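S.K.: The structure is given below, and queries will be raised subsequently.
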Amino acid sequence: MTVLTPQTLLGAYASGIFPMAESRHDPDLYWIDPDVRGIIPLAELHIPRRLRRTLRNGPYDIRADSDFIGVIRGCAEQTHGRPDTWINTEIEGLYNALFDMGFAHSLETWQDGELVGGLYGVSLGGAFFGESMFSRARDASKVALCHLAARLVKSGFTLLDTQFLTEHLRQFGAIEIARPDYKARLSAAIKISAVFQPELSGDELEAFIQSTTQTS
């Protein structure tokens, strides 16, 4: 298989496809173009009541883009509940390159100076493509997802792509849409000149929480 470049990867995202490996140790990548796509409508994000309390008063320090390599390695690590992942060494290299170019970002949950959770993804225009998340402490990845959404709203993004729909994401209001609908939304989103803003004040976070739907 021809070695991919970051530029090829960005072109793929712009057309609605993304790469995955079969396993951590599979050297090959495969293009994925699902019939249905998972997204979280940013204007309809749900935050469970208990998670709202954690966002406001929890033990975590939230940072963006301070340890991208640590986040992607956390997403790729084997755990008891996840004995294998689709993130191989080529994917790590590609997304680290996109980060260096300003097209990939990480949201990180820290506790007592230790990285305990986070997520990473790709930004293109007003679209953000969530790739993977991990958690080593309670709600660490959920907190990162809410902080990501707050920054996307602040920055003017209109599309948060989750690729697939899981029960974990459904609680935040994630839905599935058909491929033609997704590609129409993608085409509109990538025309927007949004710039990811890594900083978020406490007042901005509270305003975002207040604007979202509360679930039990």
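Ligands are numbered from 1 in the order shown, residues from 1 within each chain, and chains are lettered A, B, ... in the order they appear in the structure tokens.
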For A:Tyr60, list every protein, DNA or RNA residue within 12 Å, evaluated using only C-alpha atoms, and leave out those in the same chain fewer than 3 positions away; present the list as a PyMOL selection string.

M.R.: chain A and resi 53-57+63+108-118+137-144+147

S.K.: Which residues are near A:Ser132? Cut-off 12 Å, only C-alpha atoms, ignore same chain within fewer than 4 positions. Put them as a PDB file with N, CA, C and O atoms, in the first residue's frame.

M.R.:
ATOM      1  N   MET A  20      -8.415   3.447   9.022  1.00  0.00           N
ATOM      2  CA  MET A  20      -8.293   2.639  10.236  1.00  0.00           C
ATOM      3  C   MET A  20      -7.415   1.441   9.910  1.00  0.00           C
ATOM      4  O   MET A  20      -7.318   1.039   8.750  1.00  0.00           O
ATOM      5  N   VAL A  71      -1.870  11.695  24.467  1.00  0.00           N
ATOM      6  CA  VAL A  71      -3.271  11.331  24.250  1.00  0.00           C
ATOM      7  C   VAL A  71      -3.396  10.225  23.211  1.00  0.00           C
ATOM      8  O   VAL A  71      -4.106   9.238  23.432  1.00  0.00           O
ATOM      9  N   ILE A  72      -2.729  10.356  22.087  1.00  0.00           N
ATOM     10  CA  ILE A  72      -2.875   9.327  21.058  1.00  0.00           C
ATOM     11  C   ILE A  72      -2.291   7.998  21.549  1.00  0.00           C
ATOM     12  O   ILE A  72      -2.826   6.919  21.241  1.00  0.00           O
ATOM     13  N   ARG A  73      -1.246   8.056  22.350  1.00  0.00           N
ATOM     14  CA  ARG A  73      -0.712   6.814  22.931  1.00  0.00           C
ATOM     15  C   ARG A  73      -1.685   6.219  23.943  1.00  0.00           C
ATOM     16  O   ARG A  73      -1.833   4.998  24.039  1.00  0.00           O
ATOM     17  N   GLY A  74      -2.364   7.082  24.699  1.00  0.00           N
ATOM     18  CA  GLY A  74      -3.373   6.593  25.623  1.00  0.00           C
ATOM     19  C   GLY A  74      -4.528   5.929  24.899  1.00  0.00           C
ATOM     20  O   GLY A  74      -5.063   4.913  25.353  1.00  0.00           O
ATOM     21  N   CYS A  75      -4.911   6.487  23.765  1.00  0.00           N
ATOM     22  CA  CYS A  75      -5.990   5.898  22.965  1.00  0.00           C
ATOM     23  C   CYS A  75      -5.569   4.570  22.341  1.00  0.00           C
ATOM     24  O   CYS A  75      -6.414   3.706  22.086  1.00  0.00           O
ATOM     25  N   ALA A  76      -4.288   4.409  22.092  1.00  0.00           N
ATOM     26  CA  ALA A  76      -3.797   3.197  21.434  1.00  0.00           C
ATOM     27  C   ALA A  76      -3.448   2.080  22.407  1.00  0.00           C
ATOM     28  O   ALA A  76      -3.293   0.928  21.991  1.00  0.00           O
ATOM     29  N   GLU A  77      -3.351   2.384  23.698  1.00  0.00           N
ATOM     30  CA  GLU A  77      -2.883   1.380  24.650  1.00  0.00           C
ATOM     31  C   GLU A  77      -3.910   0.264  24.861  1.00  0.00           C
ATOM     32  O   GLU A  77      -5.124   0.479  24.761  1.00  0.00           O
ATOM     33  N   THR A  85      -6.598  -2.200  19.533  1.00  0.00           N
ATOM     34  CA  THR A  85      -7.152  -0.978  18.965  1.00  0.00           C
ATOM     35  C   THR A  85      -6.821  -0.930  17.482  1.00  0.00           C
ATOM     36  O   THR A  85      -6.053  -1.741  16.962  1.00  0.00           O
ATOM     37  N   TRP A  86      -7.417   0.061  16.805  1.00  0.00           N
ATOM     38  CA  TRP A  86      -7.179   0.243  15.365  1.00  0.00           C
ATOM     39  C   TRP A  86      -6.069   1.257  15.102  1.00  0.00           C
ATOM     40  O   TRP A  86      -5.788   1.577  13.951  1.00  0.00           O
ATOM     41  N   ILE A  87      -5.424   1.745  16.152  1.00  0.00           N
ATOM     42  CA  ILE A  87      -4.400   2.790  16.005  1.00  0.00           C
ATOM     43  C   ILE A  87      -3.033   2.130  15.921  1.00  0.00           C
ATOM     44  O   ILE A  87      -2.483   1.672  16.930  1.00  0.00           O
ATOM     45  N   ILE A  91      -0.639   5.375  11.871  1.00  0.00           N
ATOM     46  CA  ILE A  91      -1.656   6.345  12.271  1.00  0.00           C
ATOM     47  C   ILE A  91      -1.076   7.323  13.290  1.00  0.00           C
ATOM     48  O   ILE A  91      -1.292   8.535  13.189  1.00  0.00           O
ATOM     49  N   GLU A  92      -0.334   6.817  14.262  1.00  0.00           N
ATOM     50  CA  GLU A  92       0.299   7.717  15.230  1.00  0.00           C
ATOM     51  C   GLU A  92       1.157   8.765  14.523  1.00  0.00           C
ATOM     52  O   GLU A  92       1.082   9.961  14.827  1.00  0.00           O
ATOM     53  N   TYR A  95      -1.055  11.402  12.472  1.00  0.00           N
ATOM     54  CA  TYR A  95      -1.796  12.382  13.256  1.00  0.00           C
ATOM     55  C   TYR A  95      -0.878  13.287  14.061  1.00  0.00           C
ATOM     56  O   TYR A  95      -1.206  14.459  14.294  1.00  0.00           O
ATOM     57  N   HIS A 105      -5.929  18.137  17.109  1.00  0.00           N
ATOM     58  CA  HIS A 105      -5.972  18.727  18.443  1.00  0.00           C
ATOM     59  C   HIS A 105      -6.290  17.658  19.476  1.00  0.00           C
ATOM     60  O   HIS A 105      -6.907  16.637  19.161  1.00  0.00           O
ATOM     61  N   SER A 106      -5.881  17.927  20.691  1.00  0.00           N
ATOM     62  CA  SER A 106      -6.190  17.022  21.800  1.00  0.00           C
ATOM     63  C   SER A 106      -6.833  17.798  22.929  1.00  0.00           C
ATOM     64  O   SER A 106      -6.495  18.960  23.185  1.00  0.00           O
ATOM     65  N   LEU A 107      -7.784  17.161  23.594  1.00  0.00           N
ATOM     66  CA  LEU A 107      -8.338  17.642  24.858  1.00  0.00           C
ATOM     67  C   LEU A 107      -7.902  16.658  25.917  1.00  0.00           C
ATOM     68  O   LEU A 107      -8.067  15.450  25.746  1.00  0.00           O
ATOM     69  N   GLY A 117      -6.941  10.993  31.042  1.00  0.00           N
ATOM     70  CA  GLY A 117      -7.949  10.791  30.012  1.00  0.00           C
ATOM     71  C   GLY A 117      -7.849  11.866  28.946  1.00  0.00           C
ATOM     72  O   GLY A 117      -7.136  12.865  29.110  1.00  0.00           O
ATOM     73  N   GLY A 118      -8.570  11.651  27.858  1.00  0.00           N
ATOM     74  CA  GLY A 118      -8.567  12.656  26.811  1.00  0.00           C
ATOM     75  C   GLY A 118      -9.073  12.111  25.499  1.00  0.00           C
ATOM     76  O   GLY A 118      -9.511  10.961  25.389  1.00  0.00           O
ATOM     77  N   LEU A 119      -8.998  12.952  24.497  1.00  0.00           N
ATOM     78  CA  LEU A 119      -9.417  12.581  23.149  1.00  0.00           C
ATOM     79  C   LEU A 119      -8.616  13.393  22.144  1.00  0.00           C
ATOM     80  O   LEU A 119      -8.007  14.404  22.487  1.00  0.00           O
ATOM     81  N   TYR A 120      -8.639  12.923  20.901  1.00  0.00           N
ATOM     82  CA  TYR A 120      -7.992  13.696  19.848  1.00  0.00           C
ATOM     83  C   TYR A 120      -8.824  13.617  18.583  1.00  0.00           C
ATOM     84  O   TYR A 120      -9.684  12.732  18.426  1.00  0.00           O
ATOM     85  N   GLY A 121      -8.590  14.560  17.682  1.00  0.00           N
ATOM     86  CA  GLY A 121      -9.316  14.574  16.423  1.00  0.00           C
ATOM     87  C   GLY A 121      -8.708  15.567  15.457  1.00  0.00           C
ATOM     88  O   GLY A 121      -7.682  16.198  15.747  1.00  0.00           O
ATOM     89  N   VAL A 122      -9.366  15.716  14.323  1.00  0.00           N
ATOM     90  CA  VAL A 122      -8.872  16.546  13.221  1.00  0.00           C
ATOM     91  C   VAL A 122      -9.858  17.678  12.967  1.00  0.00           C
ATOM     92  O   VAL A 122     -11.074  17.464  12.974  1.00  0.00           O
ATOM     93  N   SER A 141     -12.779  10.865  30.162  1.00  0.00           N
ATOM     94  CA  SER A 141     -13.001  11.101  28.733  1.00  0.00           C
ATOM     95  C   SER A 141     -14.291  11.882  28.492  1.00  0.00           C
ATOM     96  O   SER A 141     -14.386  12.680  27.551  1.00  0.00           O
ATOM     97  N   LYS A 142     -15.299  11.682  29.341  1.00  0.00           N
ATOM     98  CA  LYS A 142     -16.555  12.424  29.201  1.00  0.00           C
ATOM     99  C   LYS A 142     -16.333  13.918  29.443  1.00  0.00           C
ATOM    100  O   LYS A 142     -16.887  14.759  28.733  1.00  0.00           O
ATOM    101  N   ALA A 144     -13.540  15.484  28.970  1.00  0.00           N
ATOM    102  CA  ALA A 144     -12.799  15.982  27.804  1.00  0.00           C
ATOM    103  C   ALA A 144     -13.739  16.252  26.642  1.00  0.00           C
ATOM    104  O   ALA A 144     -13.592  17.252  25.919  1.00  0.00           O
ATOM    105  N   LEU A 145     -14.714  15.370  26.423  1.00  0.00           N
ATOM    106  CA  LEU A 145     -15.661  15.559  25.324  1.00  0.00           C
ATOM    107  C   LEU A 145     -16.491  16.823  25.514  1.00  0.00           C
ATOM    108  O   LEU A 145     -16.702  17.588  24.560  1.00  0.00           O
ATOM    109  N   ASP A 161     -18.118  15.285  14.164  1.00  0.00           N
ATOM    110  CA  ASP A 161     -18.234  13.943  13.591  1.00  0.00           C
ATOM    111  C   ASP A 161     -17.663  12.933  14.588  1.00  0.00           C
ATOM    112  O   ASP A 161     -16.517  13.054  15.009  1.00  0.00           O
ATOM    113  N   THR A 162     -18.473  11.930  14.960  1.00  0.00           N
ATOM    114  CA  THR A 162     -17.993  10.878  15.855  1.00  0.00           C
ATOM    115  C   THR A 162     -17.718   9.577  15.102  1.00  0.00           C
ATOM    116  O   THR A 162     -17.393   8.573  15.722  1.00  0.00           O
ATOM    117  N   GLN A 163     -17.873   9.593  13.789  1.00  0.00           N
ATOM    118  CA  GLN A 163     -17.664   8.438  12.916  1.00  0.00           C
ATOM    119  C   GLN A 163     -18.737   7.372  13.122  1.00  0.00           C
ATOM    120  O   GLN A 163     -19.502   7.070  12.220  1.00  0.00           O
ATOM    121  N   PHE A 164     -18.787   6.790  14.319  1.00  0.00           N
ATOM    122  CA  PHE A 164     -19.779   5.764  14.617  1.00  0.00           C
ATOM    123  C   PHE A 164     -20.601   6.193  15.836  1.00  0.00           C
ATOM    124  O   PHE A 164     -20.199   7.070  16.598  1.00  0.00           O
ATOM    125  N   LEU A 169     -21.642   7.518  23.448  1.00  0.00           N
ATOM    126  CA  LEU A 169     -21.873   8.814  22.815  1.00  0.00           C
ATOM    127  C   LEU A 169     -23.350   9.182  22.761  1.00  0.00           C
ATOM    128  O   LEU A 169     -23.705  10.366  22.749  1.00  0.00           O
TER     129      LEU A 169
END

S.K.: Name the residues of stretch 38-68 of chain A that fall into alpha helix (DSSP H) according to DSSP on the backbone, using the chain letters and numbers of this document, as a list in words.

M.R.: Arg49, Arg50, Leu51, Arg52, Arg53, Thr54, Leu55, Arg56, Asn57 and Phe68 of chain A

S.K.: Can you write out the residues you just picked, keeping N, CA and C atoms, as a compact mmCIF listing (two decimals), in the first residue's frame?

M.R.:
# COMPACT_ATOMS: atom_id res chain seq x y z
N ARG A 49 -26.78 15.05 34.52
CA ARG A 49 -26.75 15.90 35.72
C ARG A 49 -25.48 15.69 36.54
N ARG A 50 -25.12 14.44 36.77
CA ARG A 50 -23.94 14.17 37.58
C ARG A 50 -22.68 14.70 36.91
N LEU A 51 -22.62 14.59 35.58
CA LEU A 51 -21.44 15.08 34.86
C LEU A 51 -21.35 16.60 34.92
N ARG A 52 -22.49 17.27 34.96
CA ARG A 52 -22.48 18.72 35.13
C ARG A 52 -21.77 19.10 36.43
N ARG A 53 -22.07 18.36 37.49
CA ARG A 53 -21.41 18.65 38.77
C ARG A 53 -19.91 18.42 38.66
N THR A 54 -19.51 17.36 37.95
CA THR A 54 -18.08 17.09 37.78
C THR A 54 -17.41 18.19 36.97
N LEU A 55 -18.08 18.66 35.93
CA LEU A 55 -17.51 19.73 35.11
C LEU A 55 -17.28 21.00 35.93
N ARG A 56 -18.20 21.26 36.85
CA ARG A 56 -18.12 22.49 37.65
C ARG A 56 -17.18 22.35 38.84
N ASN A 57 -17.18 21.20 39.46
CA ASN A 57 -16.49 21.06 40.75
C ASN A 57 -15.55 19.87 40.82
N PHE A 68 -0.34 16.07 22.97
CA PHE A 68 -1.04 15.33 21.92
C PHE A 68 -0.49 13.91 21.81

S.K.: Taking only C-alpha atoms into account, name the residue in A:Ala104, A:Ala97, A:Glu167, A:Ile62 that is nearest to A:Leu205.

M.R.: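 The closest residue to A:Leu205 is A:Ile62.
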
S.K.: Within 8 Å of A:Ala14, counting only C-alpha atoms, which residues show up once you throw out same-chain ones fewer than 6 positions away? Write them as number ranges by chain, please.

M.R.: A: 124, 186-187, 190

S.K.: Would you please extract all strand (DSSP E) residues from chain A, as assigned by DSSP on the backbone, and give them as a PyMOL selection string?

M.R.: chain A and resi 18-20+30-32+36-39+46-48+61-64+104-111+114-124+127-135+159-163+175-178+213-215

S.K.: I'd like to know which of A:Leu94, A:Ala150, A:Ala64, A:Leu42 is closest to A:Thr8, using only C-alpha atoms.

M.R.: A:Leu94

S.K.: Just checking: using only C-alpha atoms, which residue out of A:Leu45, A:Ile209, A:Ala184, A:Val153 ends up closest to A:Phe196?

M.R.: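 So, comparing all the options, the nearest one is A:Val153.
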
S.K.: Which value, in Å to one decimal, gives the distance between atom CA of A:Glu206 and atom CA of A:Ala127?

M.R.: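 Interatomic distance, atom CA of A:Glu206 to atom CA of A:Ala127: 23.4 Å.
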
S.K.: Between atom CA of A:Gly156 and atom CA of A:Glu204, what is the distance, to one decimal in Å?

M.R.: 13.9 Å
